[in-house]
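Enquirer: Provided below: entry-v8.cif, containing mmCIF, C-alpha atoms.
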data_entry
loop_
_atom_site.label_atom_id
_atom_site.label_comp_id
_atom_site.auth_asym_id
_atom_site.auth_seq_id
_atom_site.Cartn_x
_atom_site.Cartn_y
_atom_site.Cartn_z
CA TRP A 810 74.04 112.90 101.69
CA GLN A 811 74.47 109.58 103.51
CA ASP A 812 74.15 107.62 100.27
CA CYS A 813 76.71 109.85 98.54
CA SER A 814 79.05 109.65 101.51
CA GLU A 815 78.84 105.85 101.67
CA LYS A 816 79.36 105.43 97.91
CA THR A 817 82.39 107.73 98.00
CA ARG A 818 83.86 105.76 100.91
CA MET A 819 83.28 102.49 99.04
CA LEU A 820 84.58 103.70 95.66
CA VAL A 821 87.67 105.63 96.82
CA PRO A 822 88.33 104.21 100.29
CA LEU A 823 91.99 105.22 100.46
CA GLY A 824 91.20 108.78 99.40
CA VAL A 825 88.53 109.16 102.09
CA ALA A 826 90.70 107.42 104.69
CA SER A 827 93.62 109.70 103.81
CA LEU A 828 91.47 112.79 104.40
CA TYR A 829 90.35 111.39 107.73
CA ILE A 830 93.86 110.44 108.91
CA ARG A 831 95.24 113.81 107.83
CA SER A 832 92.47 115.55 109.77
CA LEU A 833 93.53 113.59 112.87
CA HIS A 834 97.15 114.68 112.34
CA GLU A 835 96.09 118.30 111.87
CA SER A 836 93.69 118.37 114.82
CA SER A 837 94.47 119.90 118.18
CA HIS A 838 97.63 118.81 119.96
CA ALA A 839 95.57 117.16 122.74
CA ARG A 840 93.43 115.24 120.23
CA LYS A 841 96.50 114.08 118.31
CA GLU A 842 98.15 112.90 121.54
CA GLU A 843 94.96 111.07 122.54
CA VAL A 844 94.92 109.14 119.24
CA GLU A 845 98.66 108.38 119.46
CA GLU A 846 98.20 107.08 123.03
CA ALA A 847 95.32 104.84 121.90
CA VAL A 848 97.50 103.46 119.08
CA ARG A 849 100.35 102.84 121.54
CA GLN A 850 97.99 101.01 123.94
CA ALA A 851 96.55 98.90 121.12
CA ARG A 852 100.05 97.90 119.97
CA GLN A 853 100.93 96.89 123.54
CA VAL A 854 97.79 94.76 123.77
CA VAL A 855 98.50 93.03 120.45
CA GLU A 856 102.06 92.28 121.57
CA GLY A 857 100.74 91.03 124.92
CA VAL A 858 98.14 88.77 123.29
CA SER A 859 100.79 87.40 120.90
CA SER A 860 103.19 86.79 123.79
CA ALA A 861 100.51 85.02 125.85
CA PHE A 862 99.53 82.95 122.82
CA ARG A 863 103.19 81.98 122.31
CA GLU A 864 103.38 80.79 125.93
CA MET A 865 100.15 78.83 125.51
CA LEU A 866 101.40 77.17 122.30
CA SER A 867 104.81 76.42 123.79
CA SER A 868 103.31 74.66 126.80
CA ALA A 869 100.53 72.82 124.94
CA THR A 870 100.86 69.09 125.60
CA TRP A 871 98.13 68.02 123.20
CA MET A 872 100.15 69.00 120.07
CA ASP A 873 102.96 66.97 118.60
CA GLN A 874 106.27 68.76 118.01
CA VAL A 875 105.76 69.24 114.25
CA THR A 876 102.34 70.86 114.77
CA GLN A 877 103.65 72.99 117.61
CA GLU A 878 106.59 74.23 115.51
CA ALA A 879 104.25 75.03 112.61
CA ALA A 880 101.92 76.98 114.92
CA LEU A 881 104.83 78.92 116.42
CA SER A 882 106.18 79.65 112.93
CA LYS A 883 102.78 80.98 111.89
CA LEU A 884 102.74 83.16 115.00
CA ASP A 885 106.24 84.44 114.14
CA HIS A 886 105.02 85.48 110.69
CA MET A 887 101.79 87.08 111.89
CA GLN A 888 101.45 90.75 110.93
CA HIS A 889 100.15 93.31 113.43
CA LEU A 890 98.49 96.17 111.59
CA VAL A 891 97.45 98.91 114.00
CA ALA A 892 95.87 102.30 113.14
CA TYR A 893 96.36 102.83 109.38
CA PRO A 894 98.69 102.13 106.45
CA HIS A 895 101.33 104.86 106.17
CA LEU A 896 100.67 105.28 102.45
CA LEU A 897 97.67 107.40 103.53
CA LEU A 898 100.08 110.22 104.41
CA ASP A 899 102.26 109.86 101.29
CA ASP A 900 100.94 111.93 98.36
CA HIS A 901 103.17 110.17 95.82
CA LEU A 902 101.99 106.67 96.84
CA LEU A 903 98.35 107.81 96.88
CA GLN A 904 98.67 109.28 93.38
CA GLU A 905 100.31 106.06 92.19
CA TYR A 906 97.52 103.99 93.75
CA HIS A 907 94.81 106.13 92.11
CA LEU A 908 96.47 106.20 88.67
CA GLY A 909 93.79 105.87 85.99
CA LEU A 910 90.98 106.91 88.32
CA PRO A 911 88.23 108.17 86.00
CA ASN A 912 86.93 111.73 86.03
CA VAL A 913 83.38 112.04 87.27
CA SER A 914 80.50 114.05 85.86
CA ALA A 915 78.07 116.03 88.00
CA SER A 916 75.25 115.08 85.61
CA ASP A 917 75.73 111.34 84.95
CA HIS A 918 75.63 109.28 88.14
CA PHE A 919 75.23 105.94 86.36
CA SER A 920 78.33 106.46 84.19
CA ASN A 921 80.29 107.62 87.24
CA ILE A 922 79.50 104.41 89.14
CA ALA A 923 80.12 102.22 86.07
CA SER A 924 83.49 103.82 85.31
CA MET A 925 84.57 103.60 88.97
CA MET A 926 83.61 99.92 89.10
CA ALA A 927 85.55 99.31 85.87
CA TRP A 928 88.59 101.05 87.41
CA HIS A 929 88.33 98.82 90.50
CA SER A 930 88.06 95.73 88.28
CA ARG A 931 91.17 96.72 86.30
CA ARG A 932 93.10 97.31 89.55
CA SER A 933 92.05 93.87 90.80
CA LEU A 934 93.04 92.15 87.56
CA VAL A 935 96.49 93.79 87.57
CA HIS A 936 97.13 92.27 91.00
CA LEU A 937 95.74 88.85 90.08
CA ARG A 938 99.10 87.21 89.27
CA ALA A 939 101.28 89.57 91.31
CA PRO A 940 103.00 88.38 94.50
CA THR A 941 100.97 88.96 97.64
CA SER A 942 102.07 91.87 99.79
CA THR A 943 102.48 90.85 103.41
CA HIS A 944 101.87 94.40 104.61
CA LYS A 945 98.66 95.03 102.67
CA TRP A 946 95.69 95.94 104.84
CA PRO A 947 92.76 93.56 104.19
CA ARG A 948 90.32 96.37 105.09
CA GLY A 949 90.60 100.10 105.56
CA PRO A 950 91.28 102.14 108.68
CA LEU A 951 87.70 103.41 108.82
CA GLU A 952 86.42 99.91 109.64
CA THR A 953 85.00 99.86 113.17
CA ASN A 954 85.97 96.27 113.84
CA ALA A 955 89.20 94.75 115.14
CA PHE A 956 89.76 91.33 113.61
CA TYR A 957 92.13 88.54 112.69
CA SER A 958 92.41 87.71 108.99
CA SER A 959 93.35 84.05 108.59
CA LEU A 960 93.82 84.61 104.85
CA HIS A 961 96.54 87.20 105.53
CA ASN A 962 97.63 85.88 108.98
CA THR A 963 97.13 89.40 110.25
CA ILE A 964 95.65 91.07 113.31
CA VAL A 965 94.06 94.35 112.23
CA ILE A 966 93.07 97.14 114.59
CA PRO A 967 91.93 100.10 112.48
CA VAL A 968 92.19 103.64 113.82
CA ALA A 969 88.38 103.95 113.83
CA VAL A 970 88.22 101.32 116.60
CA LEU A 971 90.66 103.35 118.69
CA GLN A 972 88.28 106.27 119.19
CA ALA A 973 85.10 106.98 121.09
CA PRO A 974 82.55 105.54 121.35
CA VAL A 975 84.29 102.20 120.64
CA PHE A 976 87.55 102.85 122.48
CA HIS A 977 87.94 104.28 125.96
CA ARG A 978 91.31 105.23 127.40
CA GLY A 979 92.58 102.33 129.48
CA ALA A 980 89.85 99.94 128.26
CA PHE A 981 92.34 97.55 126.66
CA THR A 982 94.44 97.43 129.79
CA SER A 983 91.50 96.33 131.94
CA ILE A 984 90.47 92.67 132.12
CA PRO A 985 86.97 93.22 130.61
CA GLY A 986 88.51 95.28 127.79
CA LEU A 987 91.10 92.61 127.07
CA GLU A 988 88.42 89.89 127.20
CA TRP A 989 86.30 91.86 124.71
CA PHE A 990 89.28 92.24 122.38
CA THR A 991 90.32 88.58 122.47
CA GLU A 992 86.71 87.40 122.10
CA ALA A 993 86.36 89.65 119.06
CA LEU A 994 89.40 87.97 117.51
CA VAL A 995 88.26 84.46 118.48
CA ASP A 996 84.78 85.11 117.10
CA GLN A 997 86.37 85.80 113.72
CA GLN A 998 87.61 82.21 113.70
CA ASP A 999 84.56 80.57 115.28
CA PRO A 1000 81.46 82.66 114.55
CA GLY A 1001 79.21 79.96 116.06
CA ALA A 1002 80.94 80.06 119.44
CA VAL A 1003 78.92 81.11 122.45
CA HIS A 1004 80.74 83.22 125.05
#
Starting from the file, lay out its structure as structure tokens.

Expert:
Amino acid sequence: WQDCSEKTRMLVPLGVASLYIRSLHESSHARKEEVEEAVRQARQVVEGVSSAFREMLSSATWMDQVTQEAALSKLDHMQHLVAYPHLLLDDHLLQEYHLGLPNVSASDHFSNIASMMAWHSRRSLVHLRAPTSTHKWPRGPLETNAFYSSLHNTIVIPVAVLQAPVFHRGAFTSIPGLEWFTEALVDQQDPGAVH
């Protein structure tokens, strides 16, 4: 079952993520409020980190003005993606995204995988020359890793990170929690760094 579950998540990640997000929205009122509070806290932390980074850049004496302005401009254009893309709750957008998704057979696993991979390849080729979307999530909301994508100039905090056992209420507002978060983002840029 684990192999089937993992392959399904890899082959139709938005479909699986949509089911998960919808289950969070349909869960108990207390559970839904807990998730919404975690998302709110994470957004506050991202804004706080960005604000602190802006202050650090603005007061940096080792950068010339051109470099400093470029860094501040990059910070101004940085996307903050927290929780999940809203298309996961929009049936029309999900159907549009999955247009051409092949039917699967209960008796031919190899053909199922091959046709799904061909569908993914066609989707990728269609987007090859298209303009880049600035709000596209580089990874899905089921990823259990908060990160900074330098390719997309985006901080991503998926909803999976905002739940136990990874997230604890108030953890981001404590100094150790904030240190963990910023180190996780820094490590994305300098994987050889020792903290």

Enquirer: Please evaluate the PyMOL selection byres ((chain A and resi 910) around 12) against the structure above and give the resulting residues as a list of chain:residue names.

Expert: A:Leu820, A:Val821, A:Gly824, A:Leu903, A:Gln904, A:Glu905, A:Tyr906, A:His907, A:Leu908, A:Gly909, A:Pro911, A:Asn912, A:Val913, A:Asn921, A:Ile922, A:Ser924, A:Met925, A:Met926, A:Ala927, A:Trp928, A:His929, A:Ser930, A:Arg931, A:Arg932

Enquirer: Distance atom CA of Glu856 of chain A-atom CA of Asp885 of chain A, one decimal place?

Expert: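 Taking atom CA of Glu856 of chain A and atom CA of Asp885 of chain A, their separation equals 11.6 Å.
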
Enquirer: What does the structure give for the distance between atom CA of Trp946 of chain A and atom CA of Leu897 of chain A, in Å to one decimal?

Expert: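 It comes out at 11.7 Å.
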
Enquirer: Hey, can you check how far atom CA of Ala915 of chain A sits from atom CA of Leu828 of chain A?

Expert: 21.4 Å

Enquirer: Using only C-alpha atoms, can you tell me which of A:Gln888, A:Ser959, A:Ser942, A:Ser827 comes closest to Arg852 of chain A?

Expert: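 Once distances to Arg852 of chain A are computed over only C-alpha atoms, the minimum belongs to A:Gln888.
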
Enquirer: Just say which residues the PyMOL selection byres ((chain A and resi 829) around 12) picks in this file, as an mmCIF file with C-alpha atoms, in the frame of the given file.

Expert:
data_model
loop_
_atom_site.group_PDB
_atom_site.id
_atom_site.type_symbol
_atom_site.label_atom_id
_atom_site.label_comp_id
_atom_site.auth_asym_id
_atom_site.auth_seq_id
_atom_site.Cartn_x
_atom_site.Cartn_y
_atom_site.Cartn_z
ATOM 1 C CA ARG A 818 83.860 105.760 100.910
ATOM 2 C CA PRO A 822 88.330 104.210 100.290
ATOM 3 C CA LEU A 823 91.990 105.220 100.460
ATOM 4 C CA GLY A 824 91.200 108.780 99.400
ATOM 5 C CA VAL A 825 88.530 109.160 102.090
ATOM 6 C CA ALA A 826 90.700 107.420 104.690
ATOM 7 C CA SER A 827 93.620 109.700 103.810
ATOM 8 C CA LEU A 828 91.470 112.790 104.400
ATOM 9 C CA ILE A 830 93.860 110.440 108.910
ATOM 10 C CA ARG A 831 95.240 113.810 107.830
ATOM 11 C CA SER A 832 92.470 115.550 109.770
ATOM 12 C CA LEU A 833 93.530 113.590 112.870
ATOM 13 C CA HIS A 834 97.150 114.680 112.340
ATOM 14 C CA GLU A 835 96.090 118.300 111.870
ATOM 15 C CA SER A 836 93.690 118.370 114.820
ATOM 16 C CA ALA A 892 95.870 102.300 113.140
ATOM 17 C CA TYR A 893 96.360 102.830 109.380
ATOM 18 C CA LEU A 897 97.670 107.400 103.530
ATOM 19 C CA LEU A 898 100.080 110.220 104.410
ATOM 20 C CA GLY A 949 90.600 100.100 105.560
ATOM 21 C CA PRO A 950 91.280 102.140 108.680
ATOM 22 C CA LEU A 951 87.700 103.410 108.820
ATOM 23 C CA VAL A 968 92.190 103.640 113.820
ATOM 24 C CA ALA A 969 88.380 103.950 113.830
#

Enquirer: Calculate, to one decimal in Å, the centre and edge lengths of the box along x, y and z of the file that holds all listed atoms of segment 818-826 of chain A with 3 Å of margin on each side, and present them as JSON.

Expert:
{"center_x": 87.6, "center_y": 105.8, "center_z": 100.2, "size_x": 14.7, "size_y": 12.7, "size_z": 15.0}

Enquirer: Any chance you could resolve the PyMOL selection byres ((chain A and resi 883) around 12) against this file and give the residues as a list in words?

Expert: Ser859, Phe862, Arg863, Leu866, Thr876, Gln877, Glu878, Ala879, Ala880, Leu881, Ser882, Leu884, Asp885, His886, Met887, Gln888, Ser959, Leu960, His961, Asn962 and Thr963 of chain A
